[in-house]
Amino acid sequence: MAFYDGVFDALGLREWCDGTSAEGPMTMEQLLAQARGEESTAVETELVPFPSLDNLHAACGEIPRTREMTSGVENLFLSVKDGLKLVLDPLTQPLSWMLEGTLYVFTAAPWWLVIPVLLWLTWYVSRSRGVTVFVAFSFFFLAFIDHYDAAIQTLAIIFVCTGLCVLFGVPVGILMSKNNTVQRMIIPVLDLLQTLPSFVYLIPLIFLFSVTEPKLYGIAIILYAIVPVIRLTDLGIRLVDKDVIEAANAFGMSGRQKLFGVEIPLALPNIMAGVNQTIMMSLAMVVIASLVSAPGLGVLVLRGIRNLELGVGLVAGLGIVLLAVILDRASKAALARVNAIHETH
Amino acid sequence: MTELPKVRIRGLYKIFGETPEAMMPHVLAGMTKAELLAGHNHVLGLQDINVDIQPGEITVVMGLSGSGKSTLIRHLNRLIEPTVGEILLDGEDIMGLSQDELCRMRQTKMSMVFQKFALLPHRTVLQNAAMALEIRGTSLLPHKTVLENAMLVLKVSGHCGPESEAEARKWLARVGLEGFEDKYPHQLSGGMQQRVGIARALTSNSDIMLMDEAFSALDPLIRTDMQDLLLELQVELKKTIVFITHDLDEALKLADHLVILKDGAIVQQGEPQQILLNPADPYIEDFVSDINRARVLRVRSIMDNEITQNDFAQDLDAEDTLESVIAISGGDTRQSYRVLKDGQPVGQLDMKDLVKALVPRAASGERPVV
Ligand SMILES: Nc1ncnc2c1ncn2[C@@H]1O[C@H](COP(=O)(O)OP(=O)(O)OP(=O)(O)O)[C@@H](O)[C@H]1O
Ligand SMILES: [Mg+2]
């Protein structure tokens with residue numbers, strides 16, 4: 001005898017309710033219990049249960065259960081999946097190639113070539129001796145403890161994903177700064193991307209692409225990490241001194257001349273701050289992405305968790321911290337260099 | 001002044017707000033700025049402005065804060081679009097220009113100097129000064145090939161070509177900034193930054209220079225220096241300058257033609273000495289009452305144009321200030337002087353008239369014709 005039987009009787013809906021009495025999927029309660037690994041118990045604990053779908057279903061067979069709704073979502077997704085895949089697959093294929101290619105180059109090249117190139121790159125962007133020495137030390141340490149391969153794979157993924165974030169994020173940010181309607185439309189999307197728990201990204205992606213394809217984690221990382229570079233490009237361009245823009249107009253600059261000659265250079269400190277955050281967020285995501293076969297240090301962390309190999313997990317975690325610190329320091333040093341040029345008064 | 005005006009402003013109105021056109025009937029019916037704001041939430045920026053800007057002269061627009069000076073000067077290069085009215089540049093209405101033509105007009109015919117300097121902070125002094133020429137050099141041009149235009153797109157980096165660099169160096173030296181070419185704007189003082197601003201405007205080699213409170217952010221001594229520099233350059237270059245200020249001393253020092261704005265309307269315009277001697281309304285009287293008239297007024301403005309006697313203590317020049325005449329007379333009010341202009345006698349000056357002119361006259365019933 002379900003609690004809400006009386007309600008349906010009083011409304012005269014009893015006949016409609018009992019029309020069909022097919023067995024549905026299990027209730028949410030059973031699902032959760034199963035997830036906890038318990039036997040499902042059908043004991044009604046509450047005096048007045050909330051009139052939820054499951055509870056109403058108990059009283060009236062015609063009312064769908066919550067699980068029927070979730071499988072509805074699933075079916076909806078599956079029905080558009082093929083069409084979506086047809087469009088997205090070729091579009092995102094280059095990402096797979098880029099990731100595979102970069103991973104191949106980074107891992108195939110000998111360490112005595114890769115490390116000097118990375119050090120030169122650090123010196124080039126940061127022009128800071130301290131940062132370069134620190135990076136050198138970190139790499140030799142990682143190589144010494146045999147984590148070089150994993151670290152370099154992680155780095156390769158981050159390079160590709162950050163590069164693409166900048167490539168797509170900066171133009172989107174510029175578009176937003178130029179047009180208030182575009183800004184109003186994109187901001188909710190950015191909010192969504194930023195608040196969505198990182199695991200949730202993976203769910204639709206797993207359905208769309210096969211887990212063995214690198215683009216799967218590539219997309220997840222890019223979607224997660226692109227937000228700050230878009231936001232800060234938009235902000236940076238909006239914050240460019242109105243007086244300077246007016247001067248540019250008064251001397252007859254065209255839109256293109258203003259964008260490349262004034263707005264982007266003056267927004268550069270903000271854009272660089274966005275890039276710094278983007279790098280940090282890619283690094284955070286690359287660990288989660290190892291759930292879907294992203295190679296690198298994340299795999300070792302995951303192994304530590306799965307097999308309770310404490311040492312493996314912790315040392316790999318330390319390696320990630322080290323990568324985070326060197327990426328942060330190098331990009332902050334580059335930012336400081338840009339700021340020094342733009343410093344006013 | 002029989003020359004054609006360089007710029008004519010005819011029946012210019014500017015209303016800020018959602019539906020400026022719909023407000024025009026109210027304004028034409030005589031609604032004031034305050035009423036329009038209270039009743040319809042629109043700001044009356046400018047009303048019925050008619051000014052002729054003569055070539056080679058300094059036209060000074062003066063008014064209190066919020067009187068519409070910046071709004072007015074920004075109409076001349078269409079940084080602000082008028083609600084109603086026409087602006088004729090060399091007889092041609094600039095409202096008819098397409099976006100490209102407008103850009104070209106701003107590049108070649110007008111340059112601007114700003115109150116807050118508005119230099120590009122990421123470019124050196126030299127690159128800033130060469131800005132106008134660089135813009136011209138990197139503008140896409142319809143008569144060039146696609147390839148040439150594509151090359152230009154890549155050339156916006158701010159590196160000066162040799163000719164524009166030479167030109168920029170020349171004007172930087174002219175405003176006294178030799179040796180500072182490779183500094184960045186933030187490494188210079190305010191006065192020096194504004195010199196860069198002036199050099200930038202001069203390098204563009206345009207006939208018209210618009211200066212919006214160009215010296216207001218500078219301290220008094222530097223400001224006097226800059227005014228002198230401007231007058232000195234003007235003797236040589238004969239540009240058409242529109243200068244905005246809220247400072248009467250500055251206006252009187254620089255102006256060939258003075259326009260006084262109040263609440264978006266012109267209260268009086270004309271030769272500055274005449275405005276000083278014949279203020280058209282109490283607002284202007286207030287304005288001019290604090291002025292050191294002896295230092296500003298010149299003999300030509302108060303002299304008697306007919307020579308009725310021949311017993312003169314001394315000869316004066318028409319451009320002498322009253323202050324210098326008082327010094328010459330030693331305070332003796334019984335003297336009379338003969339006034340010469342370019343060595344020719346043009347009138348006489350009685351010391352009694354001079355003393356009377358030193359006292360501000362209340363605007364009388366009869367309006368002086370200006
Ligand atoms: N974009 C705008 N929208 C609405 N009102 C405006 C706008 N620009 C100017 N105004 C109004 O127009 C009037 C004139 O402004 P303007 O800036 O021309 O004054 P100003 O004489 O240059 O003053 P200041 O000496 O302070 O620079 C002011 O009342 C101002 O509030
Ligand atoms: Mg102003």
# chains A, B, ... in the order shown; residues from 1 in each chain; ligands from 1
call {"tool": "residues_around", "arguments": {"residues": "A:Leu99", "least_positions_apart": "5", "cutoff": "8 Å", "atoms": "only C-alpha atoms", "output": "PyMOL selection string"}}
result
chain A and resi 156-157+160+214-215+218
call {"tool": "write_last_selection", "arguments": {"atoms": "N, CA, C and O atoms", "output": "CSV table (one decimal), in the first residue's frame"}}
result
chain,number,residue,atom,x,y,z
A,156,ALA,N,54.0,17.6,-23.3
A,156,ALA,CA,53.6,17.6,-24.7
A,156,ALA,C,52.1,17.9,-24.8
A,156,ALA,O,51.7,18.7,-25.6
A,157,ILE,N,51.3,17.2,-24.0
A,157,ILE,CA,49.9,17.4,-24.1
A,157,ILE,C,49.5,18.8,-23.7
A,157,ILE,O,48.7,19.5,-24.3
A,160,VAL,N,50.3,21.3,-26.6
A,160,VAL,CA,49.4,21.3,-27.7
A,160,VAL,C,48.0,21.9,-27.2
A,160,VAL,O,47.5,22.8,-27.9
A,214,PRO,N,43.3,10.1,-28.9
A,214,PRO,CA,43.8,11.2,-28.1
A,214,PRO,C,42.9,12.4,-28.0
A,214,PRO,O,42.9,13.1,-27.1
A,215,LYS,N,42.1,12.6,-29.1
A,215,LYS,CA,41.3,13.8,-29.1
A,215,LYS,C,40.3,13.8,-28.0
A,215,LYS,O,39.9,14.9,-27.6
A,218,GLY,N,42.0,15.4,-25.4
A,218,GLY,CA,42.4,16.8,-25.9
A,218,GLY,C,41.2,17.7,-25.8
A,218,GLY,O,41.3,18.8,-25.2
call {"tool": "residues_near_ligand", "arguments": {"ligand": "ligand 1", "cutoff": "6 Å", "atoms": "only C-alpha atoms and all ligand atoms", "output": "mmCIF file with N, CA and C atoms, in the first residue's frame"}}
result
data_model
loop_
_atom_site.group_PDB
_atom_site.id
_atom_site.type_symbol
_atom_site.label_atom_id
_atom_site.label_comp_id
_atom_site.auth_asym_id
_atom_site.auth_seq_id
_atom_site.Cartn_x
_atom_site.Cartn_y
_atom_site.Cartn_z
ATOM 1 N N PHE B 16 22.276 63.996 -26.501
ATOM 2 C CA PHE B 16 22.659 62.651 -26.075
ATOM 3 C C PHE B 16 21.451 61.946 -25.478
ATOM 4 N N VAL B 43 20.333 64.528 -22.700
ATOM 5 C CA VAL B 43 21.242 65.634 -22.400
ATOM 6 C C VAL B 43 21.401 66.492 -23.640
ATOM 7 N N GLY B 45 23.550 68.514 -25.512
ATOM 8 C CA GLY B 45 25.002 68.733 -25.567
ATOM 9 C C GLY B 45 25.358 70.054 -26.214
ATOM 10 N N LEU B 64 32.708 76.765 -19.054
ATOM 11 C CA LEU B 64 32.925 76.013 -17.821
ATOM 12 C C LEU B 64 32.814 74.524 -18.104
ATOM 13 N N SER B 65 33.152 73.742 -17.097
ATOM 14 C CA SER B 65 33.062 72.290 -17.227
ATOM 15 C C SER B 65 31.625 71.890 -17.571
ATOM 16 N N GLY B 66 31.482 71.021 -18.547
ATOM 17 C CA GLY B 66 30.148 70.552 -18.925
ATOM 18 C C GLY B 66 29.433 71.456 -19.899
ATOM 19 N N SER B 67 30.108 72.507 -20.374
ATOM 20 C CA SER B 67 29.431 73.428 -21.285
ATOM 21 C C SER B 67 29.395 72.910 -22.712
ATOM 22 N N GLY B 68 30.110 71.802 -22.981
ATOM 23 C CA GLY B 68 30.021 71.210 -24.320
ATOM 24 C C GLY B 68 31.231 71.461 -25.204
ATOM 25 N N LYS B 69 32.337 71.900 -24.605
ATOM 26 C CA LYS B 69 33.533 72.206 -25.405
ATOM 27 C C LYS B 69 34.078 70.958 -26.101
ATOM 28 N N SER B 70 34.263 69.898 -25.308
ATOM 29 C CA SER B 70 34.811 68.671 -25.903
ATOM 30 C C SER B 70 33.858 68.118 -26.946
ATOM 31 N N THR B 71 32.574 68.195 -26.654
ATOM 32 C CA THR B 71 31.585 67.715 -27.611
ATOM 33 C C THR B 71 31.721 68.475 -28.923
#
call {"tool": "interface_residues", "arguments": {"of": "chain B", "to": "chain A", "cutoff": "6 Å", "atoms": "only C-alpha atoms", "output": "ChimeraX atom specification"}}
result
/B:103,106-107,118,122,156,186
call {"tool": "write_last_selection", "arguments": {"atoms": "C-alpha atoms", "output": "PDB file, in the first residue's frame"}}
result
ATOM      1  CA  CYS B 103      39.648  57.843 -42.002  1.00  0.00           C
ATOM      2  CA  ARG B 106      41.464  62.353 -40.213  1.00  0.00           C
ATOM      3  CA  GLN B 107      44.844  61.106 -41.414  1.00  0.00           C
ATOM      4  CA  ALA B 118      46.830  59.802 -24.994  1.00  0.00           C
ATOM      5  CA  HIS B 122      54.019  50.638 -25.693  1.00  0.00           C
ATOM      6  CA  VAL B 156      51.367  47.331 -38.374  1.00  0.00           C
ATOM      7  CA  HIS B 186      56.061  56.932 -19.013  1.00  0.00           C
TER       8      HIS B 186
END
call {"tool": "residues_around", "arguments": {"residues": "stretch 312-324 of chain A", "least_positions_apart": "3", "cutoff": "10 Å", "atoms": "only C-alpha atoms", "output": "PyMOL selection string"}}
result
chain A and resi 134-135+138-139+141-142+145+147-148+150-152+154-155+279-284+286-287+296-309+327-330
call {"tool": "write_last_selection", "arguments": {"atoms": "N, CA and C atoms", "output": "CSV table (one decimal), in the first residue's frame"}}
result
chain,number,residue,atom,x,y,z
A,134,PHE,N,66.2,26.9,-12.4
A,134,PHE,CA,65.2,26.1,-11.7
A,134,PHE,C,64.6,25.0,-12.6
A,135,VAL,N,64.3,25.4,-13.8
A,135,VAL,CA,63.7,24.4,-14.8
A,135,VAL,C,64.7,23.3,-15.1
A,138,SER,N,64.8,21.0,-12.2
A,138,SER,CA,63.6,20.1,-12.1
A,138,SER,C,63.7,19.0,-13.1
A,139,PHE,N,64.1,19.3,-14.3
A,139,PHE,CA,64.1,18.2,-15.3
A,139,PHE,C,65.2,17.2,-15.0
A,141,PHE,N,66.2,16.4,-12.1
A,141,PHE,CA,65.6,15.6,-11.0
A,141,PHE,C,64.6,14.6,-11.5
A,142,LEU,N,63.7,15.0,-12.3
A,142,LEU,CA,62.6,14.1,-12.8
A,142,LEU,C,63.3,13.0,-13.6
A,145,ILE,N,65.0,10.4,-11.3
A,145,ILE,CA,64.1,9.4,-10.7
A,145,ILE,C,63.3,8.6,-11.7
A,147,HIS,N,61.3,9.5,-14.0
A,147,HIS,CA,60.0,10.0,-14.4
A,147,HIS,C,60.0,10.9,-15.6
A,148,TYR,N,61.2,10.9,-16.3
A,148,TYR,CA,61.3,11.8,-17.4
A,148,TYR,C,60.3,11.6,-18.5
A,150,ALA,N,57.3,10.1,-18.5
A,150,ALA,CA,55.9,10.5,-18.1
A,150,ALA,C,55.8,12.0,-18.1
A,151,ALA,N,56.8,12.7,-17.5
A,151,ALA,CA,56.7,14.2,-17.4
A,151,ALA,C,56.7,14.8,-18.8
A,152,ILE,N,57.5,14.3,-19.7
A,152,ILE,CA,57.6,14.9,-21.0
A,152,ILE,C,56.3,14.7,-21.8
A,154,THR,N,53.3,14.5,-20.4
A,154,THR,CA,52.4,15.5,-19.8
A,154,THR,C,52.6,16.8,-20.4
A,155,LEU,N,53.9,17.2,-20.5
A,155,LEU,CA,54.3,18.5,-21.0
A,155,LEU,C,53.8,18.6,-22.5
A,279,ILE,N,47.3,27.5,-18.7
A,279,ILE,CA,48.3,26.4,-18.5
A,279,ILE,C,48.1,25.6,-17.2
A,280,MET,N,47.8,26.4,-16.1
A,280,MET,CA,47.5,25.7,-14.8
A,280,MET,C,46.3,24.8,-14.9
A,281,MET,N,45.3,25.3,-15.6
A,281,MET,CA,44.1,24.5,-15.6
A,281,MET,C,44.2,23.2,-16.5
A,282,SER,N,45.0,23.4,-17.6
A,282,SER,CA,45.3,22.2,-18.4
A,282,SER,C,46.0,21.1,-17.6
A,283,LEU,N,46.9,21.6,-16.7
A,283,LEU,CA,47.7,20.7,-15.9
A,283,LEU,C,46.8,19.9,-14.9
A,284,ALA,N,45.8,20.7,-14.4
A,284,ALA,CA,44.9,20.0,-13.5
A,284,ALA,C,44.1,19.0,-14.2
A,286,VAL,N,44.8,17.3,-17.0
A,286,VAL,CA,45.6,16.3,-17.6
A,286,VAL,C,45.6,15.0,-16.7
A,287,VAL,N,45.6,15.3,-15.4
A,287,VAL,CA,45.5,14.1,-14.4
A,287,VAL,C,44.2,13.4,-14.5
A,296,GLY,N,51.2,10.0,-19.4
A,296,GLY,CA,51.9,11.0,-18.6
A,296,GLY,C,51.9,10.7,-17.1
A,297,LEU,N,52.2,11.7,-16.3
A,297,LEU,CA,52.3,11.5,-14.9
A,297,LEU,C,51.0,11.1,-14.3
A,298,GLY,N,49.9,11.6,-14.9
A,298,GLY,CA,48.5,11.2,-14.4
A,298,GLY,C,48.3,9.7,-14.3
A,299,VAL,N,48.8,9.0,-15.2
A,299,VAL,CA,48.7,7.5,-15.2
A,299,VAL,C,49.3,6.9,-14.0
A,300,LEU,N,50.4,7.5,-13.6
A,300,LEU,CA,51.1,6.9,-12.4
A,300,LEU,C,50.3,7.3,-11.1
A,301,VAL,N,49.7,8.5,-11.1
A,301,VAL,CA,48.9,8.9,-9.9
A,301,VAL,C,47.7,8.0,-9.8
A,302,LEU,N,47.1,7.7,-11.0
A,302,LEU,CA,45.9,6.8,-11.0
A,302,LEU,C,46.3,5.4,-10.5
A,303,ARG,N,47.4,5.0,-11.0
A,303,ARG,CA,47.9,3.7,-10.6
A,303,ARG,C,48.1,3.6,-9.0
A,304,GLY,N,48.6,4.7,-8.5
A,304,GLY,CA,48.8,4.8,-7.1
A,304,GLY,C,47.5,4.6,-6.3
A,305,ILE,N,46.5,5.2,-6.9
A,305,ILE,CA,45.1,5.2,-6.2
A,305,ILE,C,44.5,3.8,-6.4
A,306,ARG,N,44.6,3.3,-7.6
A,306,ARG,CA,44.0,2.0,-7.9
A,306,ARG,C,44.6,0.8,-7.1
A,307,ASN,N,45.9,0.8,-7.1
A,307,ASN,CA,46.6,-0.3,-6.5
A,307,ASN,C,47.1,-0.1,-5.1
A,308,LEU,N,46.7,1.1,-4.6
A,308,LEU,CA,47.2,1.5,-3.3
A,308,LEU,C,48.8,1.4,-3.2
A,309,GLU,N,49.4,1.9,-4.3
A,309,GLU,CA,50.8,2.0,-4.3
A,309,GLU,C,51.2,3.4,-3.9
A,327,LEU,N,56.0,25.7,-15.0
A,327,LEU,CA,55.2,26.3,-16.0
A,327,LEU,C,54.7,27.7,-15.5
A,328,ASP,N,54.3,27.7,-14.2
A,328,ASP,CA,53.8,28.9,-13.6
A,328,ASP,C,54.9,30.0,-13.6
A,329,ARG,N,56.1,29.6,-13.1
A,329,ARG,CA,57.2,30.6,-13.0
A,329,ARG,C,57.6,31.1,-14.4
A,330,ALA,N,57.7,30.2,-15.4
A,330,ALA,CA,58.1,30.6,-16.7
A,330,ALA,C,57.1,31.6,-17.3
call {"tool": "residues_around", "arguments": {"residues": "stretch 57-72 of chain A", "least_positions_apart": "2", "cutoff": "6 Å", "atoms": "only C-alpha atoms", "output": "number ranges by chain"}}
result
A: 2, 4-5, 17, 21, 53-55, 74-75
call {"tool": "select_by_dssp", "arguments": {"residues": "stretch 117-255 of chain B", "states": "strand (DSSP E or B)", "output": "PyMOL selection string"}}
result
chain B and resi 208-212+240-245
call {"tool": "residues_around", "arguments": {"residues": "B:Gly330", "least_positions_apart": "5", "cutoff": "12 Å", "atoms": "only C-alpha atoms", "output": "PyMOL selection string"}}
result
chain B and resi 313+323-325+335+351
call {"tool": "closest_residue", "arguments": {"among": "A:Ala289, A:Ile222, A:Ala136, A:Leu103", "to": "A:Leu119", "atoms": "only C-alpha atoms"}}
result
A:Ala136
call {"tool": "atom_distance", "arguments": {"atom1": "atom CA of A:Phe3", "atom2": "atom CA of A:Leu47"}}
result
8.8 Å
call {"tool": "residues_around", "arguments": {"residues": "A:Leu205", "least_positions_apart": "3", "cutoff": "8 Å", "atoms": "only C-alpha atoms", "output": "list in words"}}
result
Tyr201, Leu202, Leu208, Phe209, Leu216 and Ala220 of chain A
call {"tool": "residues_around", "arguments": {"residues": "B:Phe287", "least_positions_apart": "4", "cutoff": "10 Å", "atoms": "only C-alpha atoms", "output": "PyMOL selection string"}}
result
chain B and resi 63-64+247-248+276+279+282-283+291
call {"tool": "closest_residue", "arguments": {"among": "A:Ser96, A:Ser126, A:Thr107, A:Thr212", "to": "A:Leu291", "atoms": "only C-alpha atoms"}}
result
A:Thr212
call {"tool": "atom_distance", "arguments": {"atom1": "atom CA of B:Leu258", "atom2": "atom CA of B:Ile284"}}
result
12.1 Å
call {"tool": "atom_distance", "arguments": {"atom1": "atom CA of B:Gly85", "atom2": "atom CA of B:Gln274"}}
result
28.2 Å
